[in-house]
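Visitor: Compact mmCIF, C-alpha atoms, saved as entry02.txt, coming up:
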```
# COMPACT_ATOMS: atom_id res chain seq x y z
CA MET V 1434 179.66 30.04 -148.51
CA SER V 1435 178.47 30.57 -144.94
CA VAL V 1436 176.28 33.19 -143.26
CA ASN V 1437 176.46 34.78 -139.83
CA THR V 1438 173.73 35.37 -137.28
CA ALA V 1439 173.29 38.70 -135.51
CA ASP V 1440 175.34 37.23 -132.62
CA GLY V 1441 178.22 36.47 -134.99
CA GLU V 1442 177.63 32.71 -135.08
CA VAL V 1443 178.78 31.14 -138.35
CA VAL V 1444 176.12 29.09 -140.15
CA HIS V 1445 177.35 26.74 -142.87
CA ASP V 1446 174.06 24.92 -143.37
CA PRO V 1447 171.02 27.20 -142.82
CA VAL V 1448 168.49 24.38 -143.13
CA GLY V 1449 170.36 22.19 -140.67
CA TYR V 1450 170.74 25.12 -138.28
CA PHE V 1451 167.00 25.83 -138.43
CA ILE V 1452 166.09 22.18 -137.85
CA GLN V 1453 168.46 22.04 -134.86
CA ASP V 1454 166.80 25.11 -133.36
CA MET V 1455 163.41 23.47 -133.84
CA THR V 1456 164.73 20.69 -131.59
CA TYR V 1457 165.60 23.25 -128.92
CA HIS V 1458 162.09 24.70 -129.27
CA GLY V 1459 160.58 21.32 -128.50
CA LYS V 1460 159.27 20.39 -131.95
CA SER V 1461 158.63 16.68 -132.48
CA THR V 1462 160.80 14.45 -134.65
CA GLN V 1463 157.91 14.10 -137.10
CA THR V 1464 157.58 17.88 -137.44
CA ARG V 1465 161.34 18.37 -137.87
CA ASP V 1466 161.50 15.63 -140.50
CA ALA V 1467 158.66 17.21 -142.44
CA TYR V 1468 160.39 20.60 -142.45
CA ASN V 1469 163.73 19.10 -143.38
CA ARG V 1470 162.22 17.16 -146.28
CA VAL V 1471 160.48 20.24 -147.73
CA LEU V 1472 163.38 22.65 -147.20
CA ARG V 1473 165.91 20.26 -148.72
CA ARG V 1474 163.61 19.88 -151.71
CA PHE V 1475 163.55 23.64 -152.15
CA GLU V 1476 167.31 23.78 -151.71
CA THR V 1477 167.75 21.17 -154.45
CA PHE V 1478 165.43 23.12 -156.73
CA LEU V 1479 167.53 26.28 -156.31
CA THR V 1480 170.76 24.40 -156.89
CA GLU V 1481 169.50 22.72 -160.05
CA GLU V 1482 168.21 26.01 -161.39
CA SER V 1483 171.54 27.74 -160.82
CA GLN V 1484 173.84 25.09 -162.26
CA ASP V 1485 174.44 24.72 -165.97
CA ALA V 1486 176.56 21.60 -165.59
CA SER V 1487 176.05 19.95 -162.22
CA ASP V 1488 178.06 16.87 -163.31
CA GLN V 1489 181.21 19.03 -163.36
CA THR V 1490 180.62 20.44 -159.90
CA SER V 1491 182.33 18.94 -156.86
CA PRO V 1492 180.32 18.01 -153.74
CA THR V 1493 182.01 20.85 -151.81
CA GLU V 1494 181.00 23.37 -154.46
CA ILE V 1495 177.45 22.02 -154.47
CA ASP V 1496 177.17 22.50 -150.69
CA SER V 1497 178.52 26.05 -151.01
CA THR V 1498 176.16 26.85 -153.86
CA ALA V 1499 173.16 25.49 -151.93
CA THR V 1500 173.93 27.75 -148.95
CA SER V 1501 174.41 30.76 -151.23
CA ASN V 1502 171.21 30.09 -153.17
CA ILE V 1503 168.93 29.59 -150.20
CA ALA V 1504 170.34 32.67 -148.45
CA ARG V 1505 169.94 34.88 -151.52
CA ALA V 1506 166.66 33.51 -152.86
CA THR V 1507 164.21 36.17 -154.01
CA HIS V 1508 160.43 36.08 -153.98
CA ARG V 1509 160.59 35.20 -157.68
CA ASP V 1510 162.68 32.13 -156.84
CA CYS V 1511 160.09 31.11 -154.28
CA MET V 1512 157.24 31.67 -156.71
CA ALA V 1513 159.08 29.63 -159.34
CA TRP V 1514 159.27 26.73 -156.90
CA ILE V 1515 155.56 27.04 -156.07
CA HIS V 1516 154.85 27.05 -159.80
CA SER V 1517 156.99 23.93 -160.29
CA LEU V 1518 154.96 22.14 -157.60
CA ARG V 1519 151.72 23.02 -159.37
CA GLN V 1520 153.16 21.63 -162.60
CA THR V 1521 153.57 18.25 -160.88
CA GLU V 1522 149.86 18.34 -159.95
CA THR V 1523 150.66 18.55 -156.25
CA ALA V 1524 147.45 19.17 -154.28
CA ASP V 1525 146.72 22.81 -153.42
CA SER V 1526 146.56 21.95 -149.71
CA THR V 1527 150.04 20.38 -149.88
CA ILE V 1528 151.44 23.39 -151.72
CA ALA V 1529 149.99 25.68 -149.05
CA THR V 1530 151.67 23.60 -146.34
CA TYR V 1531 155.02 23.63 -148.16
CA ALA V 1532 154.76 27.41 -148.58
CA SER V 1533 154.06 27.84 -144.87
CA TYR V 1534 157.15 25.76 -144.02
CA LEU V 1535 159.33 27.89 -146.26
CA HIS V 1536 157.81 31.07 -144.83
CA ARG V 1537 158.51 29.92 -141.28
CA PHE V 1538 162.13 29.05 -142.18
CA TYR V 1539 162.87 32.42 -143.78
CA ALA V 1540 161.07 34.35 -141.04
CA TYR V 1541 163.21 32.65 -138.40
CA MET V 1542 166.51 33.05 -140.26
CA SER V 1543 165.73 36.73 -140.86
CA GLN V 1544 164.82 37.23 -137.21
CA ILE V 1545 168.19 35.92 -136.01
CA GLY V 1546 170.00 38.05 -138.58
CA ALA V 1547 171.34 35.24 -140.75
CA PHE V 1548 169.32 36.36 -143.80
CA GLU V 1549 168.61 39.93 -144.85
CA SER V 1550 164.89 39.45 -145.50
CA ASN V 1551 162.06 36.97 -145.88
CA PRO V 1552 161.27 36.47 -149.60
CA MET V 1553 158.19 34.44 -148.70
CA THR V 1554 156.35 37.40 -147.15
CA LEU V 1555 155.16 38.66 -150.52
CA VAL V 1556 154.54 35.15 -151.81
CA ILE V 1557 152.28 34.30 -148.87
CA ALA V 1558 150.38 37.57 -149.36
CA GLU V 1559 149.88 36.75 -153.03
CA MET V 1560 148.71 33.23 -152.20
CA ASP V 1561 146.33 34.56 -149.53
CA GLU V 1562 144.61 36.70 -152.13
CA ARG V 1563 143.32 33.44 -153.60
CA ILE V 1564 141.23 32.76 -150.48
CA ASP V 1565 137.58 32.85 -151.38
CA THR V 1566 137.84 35.95 -153.54
CA ASN V 1567 135.30 36.63 -156.25
CA PRO V 1568 134.78 40.27 -157.23
CA SER V 1569 131.45 39.46 -158.86
CA ARG V 1570 129.99 37.72 -155.80
CA ARG V 1571 126.93 39.30 -154.21
CA GLU V 1572 127.91 41.59 -151.34
CA ILE V 1573 125.59 41.79 -148.32
CA SER V 1574 126.04 44.43 -145.63
CA LEU V 1575 125.97 43.66 -141.93
CA THR V 1576 122.77 45.70 -141.64
CA ASP V 1577 121.03 43.58 -144.28
CA MET V 1578 122.39 40.37 -142.74
CA ARG V 1579 120.97 41.38 -139.36
CA SER V 1580 117.56 42.02 -140.91
CA PHE V 1581 117.74 38.65 -142.68
CA LEU V 1582 118.48 36.80 -139.45
CA ALA V 1583 115.83 38.70 -137.49
CA ASP V 1584 113.12 37.19 -139.69
CA ILE V 1585 114.23 33.59 -138.94
CA HIS V 1586 112.25 32.42 -135.93
CA HIS V 1587 112.59 28.62 -135.77
CA PRO V 1588 115.30 27.86 -133.14
CA LEU V 1589 116.95 25.17 -135.31
CA GLU V 1590 117.04 27.23 -138.50
CA HIS V 1591 118.16 30.32 -136.59
CA ALA V 1592 120.97 28.43 -134.82
CA VAL V 1593 122.15 26.76 -138.05
CA ILE V 1594 122.45 30.04 -139.93
CA MET V 1595 123.96 31.80 -136.91
CA THR V 1596 126.62 29.09 -136.69
CA LEU V 1597 127.48 29.47 -140.38
CA ILE V 1598 127.67 33.26 -140.11
CA LYS V 1599 129.70 33.35 -136.90
CA THR V 1600 132.21 30.58 -137.65
CA GLY V 1601 132.56 30.27 -141.43
CA ILE V 1602 132.39 26.47 -141.24
CA ARG V 1603 131.09 24.45 -144.18
CA ALA V 1604 127.66 22.81 -144.27
CA GLY V 1605 129.18 19.33 -143.91
CA GLU V 1606 131.28 20.44 -140.95
CA LEU V 1607 128.19 21.86 -139.28
CA CYS V 1608 126.32 18.59 -139.83
CA ASN V 1609 129.15 16.59 -138.25
CA LEU V 1610 129.18 18.56 -134.99
CA ASP V 1611 128.34 16.49 -131.90
CA LEU V 1612 127.48 17.64 -128.39
CA ARG V 1613 131.02 16.73 -127.32
CA ASP V 1614 132.35 19.28 -129.85
CA ILE V 1615 130.99 22.37 -128.11
CA VAL V 1616 131.23 24.14 -124.77
CA LEU V 1617 128.64 26.76 -123.82
CA THR V 1618 128.31 29.12 -120.88
CA ASP V 1619 125.79 26.72 -119.37
CA ARG V 1620 127.08 23.14 -119.39
CA LYS V 1621 123.70 21.90 -118.16
CA ALA V 1622 122.19 22.89 -121.50
CA LEU V 1623 124.29 20.14 -123.07
CA ASP V 1624 123.99 17.54 -120.33
CA GLU V 1625 120.20 17.76 -120.16
CA VAL V 1626 119.69 16.92 -123.85
CA SER V 1627 122.18 14.08 -123.98
CA THR V 1628 120.82 10.55 -123.70
CA SER V 1629 124.30 9.07 -123.45
CA ASN V 1630 127.47 9.83 -121.55
CA SER V 1631 129.54 7.61 -123.85
CA GLN V 1632 131.05 10.60 -125.67
CA PRO V 1633 132.98 12.80 -123.23
CA LEU V 1634 133.88 16.40 -123.98
CA ARG V 1635 136.78 16.89 -126.37
CA ALA V 1636 140.05 17.33 -124.50
CA HIS V 1637 140.87 20.20 -126.88
CA LEU V 1638 138.04 22.23 -125.32
CA GLU V 1639 139.00 21.85 -121.67
CA GLY V 1640 139.53 25.21 -119.98
CA ARG V 1641 138.89 27.29 -123.10
CA GLY V 1642 135.46 28.67 -122.35
CA PRO V 1643 132.60 28.63 -124.87
CA SER V 1644 134.15 27.04 -127.96
CA MET V 1645 133.56 24.72 -130.88
CA TYR V 1646 135.91 21.96 -132.06
CA VAL V 1647 135.75 21.23 -135.79
CA SER V 1648 137.59 17.99 -136.51
CA ASP V 1649 139.31 17.16 -139.78
CA ALA V 1650 138.45 13.45 -139.35
CA PRO V 1651 134.81 12.90 -140.41
CA ALA V 1652 134.28 11.69 -143.98
CA VAL V 1653 131.42 10.12 -145.90
CA GLY V 1654 131.07 6.45 -144.96
CA VAL V 1655 133.46 6.67 -142.01
CA VAL V 1656 132.18 5.71 -138.56
CA VAL V 1657 132.96 8.43 -136.00
CA ALA V 1658 131.78 8.17 -132.38
CA GLY V 1659 129.65 5.16 -133.28
CA GLU V 1660 127.80 6.74 -136.21
CA GLU V 1661 128.48 6.43 -139.95
CA ARG V 1662 128.80 9.90 -141.39
CA THR V 1663 127.03 11.22 -144.48
CA ALA V 1664 129.18 14.33 -144.89
CA SER V 1665 132.91 15.11 -144.99
CA ASN V 1666 134.89 17.77 -143.17
CA LYS V 1667 137.19 19.33 -145.74
CA ARG V 1668 139.48 21.35 -143.51
CA GLN V 1669 143.22 20.69 -143.56
CA ARG V 1670 143.56 20.73 -139.79
CA SER V 1671 141.21 20.39 -136.82
CA THR V 1672 140.33 23.79 -135.40
CA THR V 1673 138.99 25.23 -132.16
CA ILE V 1674 136.72 28.22 -132.82
CA PRO V 1675 135.51 30.60 -130.08
CA ILE V 1676 131.77 30.89 -129.47
CA ASP V 1677 130.70 34.46 -128.67
CA GLU V 1678 127.69 35.52 -126.59
CA GLU V 1679 125.32 35.72 -129.54
CA LEU V 1680 126.05 32.25 -130.87
CA ASP V 1681 126.09 30.85 -127.33
CA TRP V 1682 122.54 32.18 -126.85
CA ALA V 1683 121.33 30.83 -130.21
CA LEU V 1684 122.72 27.35 -129.49
CA ARG V 1685 121.27 27.21 -125.96
CA ARG V 1686 117.90 28.31 -127.36
CA TRP V 1687 118.06 25.46 -129.89
CA LEU V 1688 119.12 22.89 -127.31
CA ALA V 1689 116.09 23.77 -125.19
CA ILE V 1690 113.82 22.23 -127.86
CA ARG V 1691 116.21 19.77 -129.55
CA PRO V 1692 114.59 16.34 -130.05
CA GLN V 1693 116.17 13.29 -128.47
CA THR V 1694 118.22 11.13 -130.80
CA THR V 1695 119.18 7.47 -130.78
CA SER V 1696 122.61 8.17 -132.28
CA PRO V 1697 125.45 7.28 -129.89
CA ALA V 1698 127.38 10.25 -131.29
CA GLN V 1699 124.75 12.71 -130.01
CA PRO V 1700 124.69 15.12 -132.99
CA LEU V 1701 124.30 18.80 -132.18
CA PHE V 1702 121.89 19.55 -135.02
CA VAL V 1703 119.04 17.10 -135.73
CA SER V 1704 115.94 17.28 -137.88
CA THR V 1705 112.64 18.53 -136.49
CA THR V 1706 110.64 17.47 -139.56
CA GLY V 1707 110.34 14.21 -141.52
CA GLN V 1708 113.68 12.83 -140.29
CA TRP V 1709 112.80 13.63 -136.68
CA GLY V 1710 115.78 13.32 -134.33
CA LYS V 1711 118.24 12.30 -137.04
CA ARG V 1712 121.44 14.22 -137.83
CA LEU V 1713 121.06 17.05 -140.31
CA THR V 1714 122.51 16.44 -143.76
CA PRO V 1715 124.11 19.05 -146.06
CA HIS V 1716 120.98 18.82 -148.23
CA MET V 1717 118.84 19.83 -145.26
CA VAL V 1718 121.17 22.74 -144.45
CA HIS V 1719 121.05 23.93 -148.06
CA HIS V 1720 117.26 23.76 -147.96
CA ILE V 1721 117.11 25.85 -144.79
CA VAL V 1722 119.42 28.54 -146.14
CA GLU V 1723 117.96 28.68 -149.63
CA THR V 1724 114.36 28.84 -148.39
CA HIS V 1725 115.08 31.92 -146.31
CA ALA V 1726 117.34 33.44 -148.97
CA LYS V 1727 114.51 33.17 -151.52
CA ASP V 1728 112.22 35.06 -149.14
CA VAL V 1729 114.48 38.13 -149.39
CA GLY V 1730 115.44 37.76 -153.05
CA TRP V 1731 118.94 36.39 -152.41
CA HIS V 1732 118.40 33.09 -154.18
CA ASN V 1733 116.88 32.32 -157.58
CA ASP V 1734 116.50 28.86 -159.08
CA GLY V 1735 119.05 28.56 -161.87
CA GLY V 1736 121.23 31.37 -160.49
CA ASP V 1737 124.97 30.86 -160.08
CA ALA V 1738 127.28 31.20 -157.07
CA THR V 1739 127.87 34.89 -157.70
CA GLU V 1740 124.16 35.60 -157.34
CA ASN V 1741 122.74 33.04 -154.92
CA VAL V 1742 123.21 32.88 -151.18
CA THR V 1743 123.95 29.29 -150.17
CA PRO V 1744 125.58 27.88 -147.00
CA HIS V 1745 129.01 28.49 -148.55
CA TYR V 1746 128.22 32.18 -148.96
CA PHE V 1747 128.47 32.61 -145.19
CA ARG V 1748 132.04 31.28 -145.31
CA HIS V 1749 132.84 34.07 -147.76
CA PHE V 1750 131.01 36.59 -145.55
CA PHE V 1751 132.90 35.44 -142.44
CA THR V 1752 136.28 35.50 -144.20
CA THR V 1753 135.84 38.93 -145.75
CA HIS V 1754 134.49 40.72 -142.69
CA LEU V 1755 136.80 39.17 -140.11
CA ARG V 1756 139.90 39.58 -142.29
CA ASP V 1757 139.10 43.25 -142.92
CA ARG V 1758 138.42 43.88 -139.23
CA THR V 1759 141.45 42.08 -137.78
CA GLY V 1760 144.03 42.65 -140.52
CA ASP V 1761 145.36 39.25 -139.44
CA ARG V 1762 145.21 36.75 -142.28
CA GLY V 1763 146.87 34.08 -140.16
CA ILE V 1764 144.10 33.94 -137.58
CA VAL V 1765 141.42 33.94 -140.27
CA LYS V 1766 143.18 31.08 -142.06
CA TYR V 1767 143.45 29.22 -138.75
CA LEU V 1768 139.72 29.62 -138.05
CA ARG V 1769 138.90 28.48 -141.58
CA GLY V 1770 141.11 25.42 -141.14
CA ASP V 1771 143.15 26.35 -144.21
CA VAL V 1772 146.66 26.44 -142.75
CA GLY V 1773 149.79 24.29 -142.63
CA GLY V 1774 151.08 22.46 -139.58
CA ASP V 1775 153.46 25.16 -138.33
CA ILE V 1776 150.80 27.87 -138.37
CA ILE V 1777 148.25 25.65 -136.70
CA GLU V 1778 150.79 24.98 -133.92
CA THR V 1779 151.39 28.71 -133.47
CA TYR V 1780 147.72 29.53 -133.05
CA THR V 1781 146.97 26.41 -131.03
CA HIS V 1782 149.65 27.27 -128.48
CA ASN V 1783 148.57 30.93 -128.35
CA TRP V 1784 144.86 30.19 -128.52
CA GLY V 1785 143.83 31.81 -125.26
CA ASP V 1786 146.13 34.80 -125.62
CA ARG V 1787 145.52 35.62 -129.25
CA VAL V 1788 142.83 33.72 -131.11
CA ARG V 1789 139.99 34.16 -128.62
CA GLU V 1790 140.92 37.75 -127.78
CA THR V 1791 141.19 38.70 -131.44
CA TYR V 1792 137.99 36.88 -132.34
CA GLU V 1793 135.94 38.39 -129.52
CA GLU V 1794 137.27 41.87 -130.20
CA HIS V 1795 136.50 41.82 -133.91
CA ILE V 1796 133.65 39.40 -134.58
CA TYR V 1797 130.62 41.31 -135.86
CA THR V 1798 127.36 41.49 -133.90
CA ILE V 1799 124.49 40.02 -135.85
CA LEU V 1800 121.47 40.19 -133.52
```
Represent the structure contained in this file as C-alpha cells.
Guide:
Amino acid sequence: MSVNTADGEVVHDPVGYFIQDMTYHGKSTQTRDAYNRVLRRFETFLTEESQDASDQTSPTEIDSTATSNIARATHRDCMAWIHSLRQTETADSTIATYASYLHRFYAYMSQIGAFESNPMTLVIAEMDERIDTNPSRREISLTDMRSFLADIHHPLEHAVIMTLIKTGIRAGELCNLDLRDIVLTDRKALDEVSTSNSQPLRAHLEGRGPSMYVSDAPAVGVVVAGEERTASNKRQRSTTIPIDEELDWALRRWLAIRPQTTSPAQPLFVSTTGQWGKRLTPHMVHHIVETHAKDVGWHNDGGDATENVTPHYFRHFFTTHLRDRTGDRGIVKYLRGDVGGDIIETYTHNWGDRVRETYEEHIYTIL
C-alpha cells in the first residue's frame, strides 16, 4: 500500500520519506538516525500486532502492511505502544522523547496531506496532563504570593525565591548557576563581582538579552568549570530562560552585596552566613524557603508535599500559572526542560520570535 501527498506525490515508505525531508530541512545525521530508529520500532510494533502468522507473510506483504498500519494508526495504537514501552521499564524521559518523535512525524505527514490526521495529538495531551499535577496540592494565589515575597528583605533570600518563582527551576539547578550562565540589563553588575575572567559568557546567551542558561550537565561529584558540584541538574535538555524586569532587578540587587568567592566557577548564589562565599547547596535553599514559608503558615514540620511549600512548590506554581496564561504546553515544557530533542530544536531556533515574546507577555508580575 502507498499513500499520496497533497501534491499527488506517491509515498511508498512514509518513514523513509519523512527522514529524507529531515535531510532537506538540515537536520543532522545523528538526529535523523534517532528518528529513524524510533519510528521503525513503532512500525515493527504495529506490524507485529496486526499479524497473526508473520512467518507465512512474504517480505513484500510485510512492507505493504507496515505502510498501511502506520498510515492508519489510531491514538489507541499509539497509546498501546507507549504502554508497551513502560512495560519494558523504559525511563519516563526516554518515553517522552519517543512520543515527541512520533508526534513530529505524524504532524508533518498530516501537514503534507499524506495522512488524514495526527493520532498523537490526543496522546501528547494526555501525557501532558501528568506534568506536576496534584489536585490536593496547596493552591496559592498571585496576591498571596506577592505578599509573601514583599516580606522577604534579605537580597540573597529575595533573589533566590524570585528566581524559583519566575523560572520554575529546581533547587539544585539554581545552586549550579554561575555568573557565566546569566545576562542582565547591566553587564557591569556581573563583571564587577567576578574575581576571574576564566569563565566567559555562555555562547547560548549571546544576543538574547537578559536570560538564564540552565545546563543539563552538572551532577553530584562532577567537576564543572573547575568546581566539583554538590547538586545535580535533572532536566532532559539544557534550556535558555528569559529574565524579565522584576527578576533582573532582584538579581542585580543581590549582586551588589554578593560576597567574593574563591571558586573558579564563580557561582551566582553564595552563602552570606556560616559558609561565607561558598556556593549555595540545595539544603540551604530549602532552609531559606521553609523558614519564610513557616512565617506565613505554609510549612509545618511533619507535613507532606500537598501541604508544605518547599522549593519544588514554585516549580508547580510556575507551571500552572504560565500554562494557563499562555495555553502553550510546548513552551512551558521547553522552559521546564522536560521536552524531547525535536521540540527543544523548535523552540531553540524560534527563541527570539516565540519563547521570549510569549514569556514576557504572560509571565506574572510578583513585586
Visitor: At most 12 Å is the cut-off: for each residue in range 1636-1670 of chain V with any atom that close to an atom of range 1508-1531 of chain V, write down the nearest atom pair and the distance in Å rounded to one decimal, counting all atoms listed in the file, chain first then increasing number, as JSON lines.
Guide:
```
{"residue": "V:Lys1667", "atom": "CA", "partner": "V:Ser1526", "partner_atom": "CA", "distance": 10.5}
{"residue": "V:Arg1668", "atom": "CA", "partner": "V:Ser1526", "partner_atom": "CA", "distance": 9.4}
{"residue": "V:Gln1669", "atom": "CA", "partner": "V:Ser1526", "partner_atom": "CA", "distance": 7.1}
{"residue": "V:Arg1670", "atom": "CA", "partner": "V:Ser1526", "partner_atom": "CA", "distance": 10.4}
```
Visitor: When you look at Asn1437 in chain V with a cut-off of 8 Å (counting all atoms listed in the file), what residues show up, excluding the ones that are within fewer than 5 positions of it in the same chain? I need them as JSON, numbers by chain.
Guide: {"V": [1442, 1443, 1444, 1546, 1547]}
Visitor: V:Ala1592, V:Val1653, V:Leu1680, V:Ala1658: which is nearest Thr1714 in chain V, counting only C-alpha atoms?
Guide: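 Among V:Ala1592, V:Val1653, V:Leu1680, V:Ala1658, it is V:Val1653 that comes nearest to Thr1714 in chain V.
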Visitor: Choose the residue, out of V:Phe1475, V:Pro1692, V:Ala1664, V:Asn1502, that has the smallest atom-to-atom separation from Thr1706 in chain V; count all atoms listed in the file.
Guide: V:Pro1692
Visitor: What's the separation between CA of Phe1751 in chain V and CA of Ala1689 in chain V, in Å to one decimal place?
Guide: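 So the two atoms, CA of Phe1751 in chain V and CA of Ala1689 in chain V, lie 26.8 Å apart.
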Visitor: Please indicate the distance in Å from CA of Thr1663 in chain V to CA of Ala1604 in chain V, rounded to one decimal place.
Guide: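 It comes out at 11.6 Å.
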Visitor: For Gly1449 in chain V, which residue among V:Ser1704, V:Val1657, V:Asn1469, V:Gln1463 is the nearest when counting all atoms listed in the file?
Guide: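 The answer is V:Asn1469, which sits nearest to Gly1449 in chain V.
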Visitor: Restricting the calculation to only C-alpha atoms, which member of V:Val1718, V:Leu1688, V:Leu1634, V:Ile1452 is positioned closest to His1745 in chain V?
Guide: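 Of V:Val1718, V:Leu1688, V:Leu1634, V:Ile1452, the one nearest His1745 in chain V, counting only C-alpha atoms, is V:Val1718.
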Visitor: Which of these, V:Leu1555, V:Ile1594, V:Ile1503, V:Ile1674, has the shortest distance to Met1578 in chain V once you count only C-alpha atoms?
Guide: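 The answer is V:Ile1594, which sits nearest to Met1578 in chain V.
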Visitor: Near Glu1590 in chain V, within 12 Å and counting all atoms listed in the file, which residues show up once chain neighbours fewer than 3 positions away are dropped, as JSON, numbers by chain?
Guide: {"V": [1582, 1583, 1584, 1585, 1586, 1587, 1593, 1594, 1595, 1596, 1597, 1683, 1684, 1686, 1687, 1691, 1702, 1703, 1704, 1705, 1706, 1713, 1717, 1718, 1719, 1720, 1721, 1722, 1723, 1724, 1725]}
Visitor: Figure out the distance between CA of Thr1618 in chain V and CA of Lys1711 in chain V, please, to one decimal in Å.
Guide: 25.4 Å
Visitor: With all heavy atoms as the target, complete range 1709-1716 of chain V and hand it back as an mmCIF file, keeping the file's coordinate frame.
Guide:
```
data_model
loop_
_atom_site.group_PDB
_atom_site.id
_atom_site.type_symbol
_atom_site.label_atom_id
_atom_site.label_comp_id
_atom_site.auth_asym_id
_atom_site.auth_seq_id
_atom_site.Cartn_x
_atom_site.Cartn_y
_atom_site.Cartn_z
ATOM 1 N N TRP V 1709 112.811 13.209 -138.071
ATOM 2 C CA TRP V 1709 112.800 13.630 -136.680
ATOM 3 C C TRP V 1709 113.908 12.961 -135.851
ATOM 4 O O TRP V 1709 114.011 11.748 -135.773
ATOM 5 C CB TRP V 1709 111.452 13.304 -136.064
ATOM 6 C CG TRP V 1709 111.292 13.750 -134.629
ATOM 7 C CD1 TRP V 1709 111.529 13.020 -133.511
ATOM 8 C CD2 TRP V 1709 110.849 15.029 -134.196
ATOM 9 N NE1 TRP V 1709 111.274 13.756 -132.385
ATOM 10 C CE2 TRP V 1709 110.846 15.001 -132.770
ATOM 11 C CE3 TRP V 1709 110.461 16.198 -134.834
ATOM 12 C CZ2 TRP V 1709 110.473 16.091 -131.995
ATOM 13 C CZ3 TRP V 1709 110.074 17.290 -134.064
ATOM 14 C CH2 TRP V 1709 110.088 17.237 -132.672
ATOM 15 N N GLY V 1710 114.753 13.816 -135.237
ATOM 16 C CA GLY V 1710 115.780 13.320 -134.330
ATOM 17 C C GLY V 1710 117.028 12.787 -134.998
ATOM 18 O O GLY V 1710 117.960 12.378 -134.314
ATOM 19 N N LYS V 1711 117.059 12.791 -136.336
ATOM 20 C CA LYS V 1711 118.240 12.300 -137.040
ATOM 21 C C LYS V 1711 119.153 13.470 -137.424
ATOM 22 O O LYS V 1711 118.700 14.590 -137.629
ATOM 23 C CB LYS V 1711 117.835 11.523 -138.299
ATOM 24 C CG LYS V 1711 117.122 10.210 -137.976
ATOM 25 C CD LYS V 1711 116.884 9.392 -139.232
ATOM 26 C CE LYS V 1711 116.233 8.051 -138.882
ATOM 27 N NZ LYS V 1711 115.992 7.221 -140.101
ATOM 28 N N ARG V 1712 120.448 13.188 -137.526
ATOM 29 C CA ARG V 1712 121.440 14.220 -137.830
ATOM 30 C C ARG V 1712 121.084 14.955 -139.123
ATOM 31 O O ARG V 1712 120.683 14.337 -140.121
ATOM 32 C CB ARG V 1712 122.820 13.578 -137.976
ATOM 33 C CG ARG V 1712 123.950 14.573 -138.206
ATOM 34 C CD ARG V 1712 125.267 13.858 -138.461
ATOM 35 N NE ARG V 1712 125.671 13.034 -137.333
ATOM 36 C CZ ARG V 1712 126.373 13.487 -136.287
ATOM 37 N NH1 ARG V 1712 126.742 14.766 -136.247
ATOM 38 N NH2 ARG V 1712 126.705 12.675 -135.305
ATOM 39 N N LEU V 1713 121.251 16.278 -139.087
ATOM 40 C CA LEU V 1713 121.060 17.050 -140.310
ATOM 41 C C LEU V 1713 122.053 16.613 -141.374
ATOM 42 O O LEU V 1713 123.174 16.207 -141.069
ATOM 43 C CB LEU V 1713 121.258 18.547 -140.051
ATOM 44 C CG LEU V 1713 120.192 19.327 -139.274
ATOM 45 C CD1 LEU V 1713 120.492 20.822 -139.380
ATOM 46 C CD2 LEU V 1713 118.793 19.031 -139.768
ATOM 47 N N THR V 1714 121.632 16.716 -142.625
ATOM 48 C CA THR V 1714 122.510 16.440 -143.760
ATOM 49 C C THR V 1714 122.793 17.758 -144.481
ATOM 50 O O THR V 1714 122.058 18.742 -144.312
ATOM 51 C CB THR V 1714 121.842 15.471 -144.742
ATOM 52 O OG1 THR V 1714 120.694 16.128 -145.326
ATOM 53 C CG2 THR V 1714 121.413 14.194 -144.046
ATOM 54 N N PRO V 1715 123.852 17.825 -145.290
ATOM 55 C CA PRO V 1715 124.110 19.050 -146.060
ATOM 56 C C PRO V 1715 122.921 19.464 -146.915
ATOM 57 O O PRO V 1715 122.662 20.664 -147.076
ATOM 58 C CB PRO V 1715 125.318 18.654 -146.925
ATOM 59 C CG PRO V 1715 126.045 17.651 -146.093
ATOM 60 C CD PRO V 1715 124.961 16.849 -145.433
ATOM 61 N N HIS V 1716 122.169 18.487 -147.442
ATOM 62 C CA HIS V 1716 120.980 18.820 -148.230
ATOM 63 C C HIS V 1716 119.968 19.580 -147.385
ATOM 64 O O HIS V 1716 119.355 20.559 -147.856
ATOM 65 C CB HIS V 1716 120.354 17.536 -148.791
ATOM 66 C CG HIS V 1716 119.074 17.772 -149.537
ATOM 67 N ND1 HIS V 1716 119.044 18.318 -150.810
ATOM 68 C CD2 HIS V 1716 117.768 17.558 -149.173
ATOM 69 C CE1 HIS V 1716 117.786 18.422 -151.208
ATOM 70 N NE2 HIS V 1716 116.994 17.963 -150.231
#
```
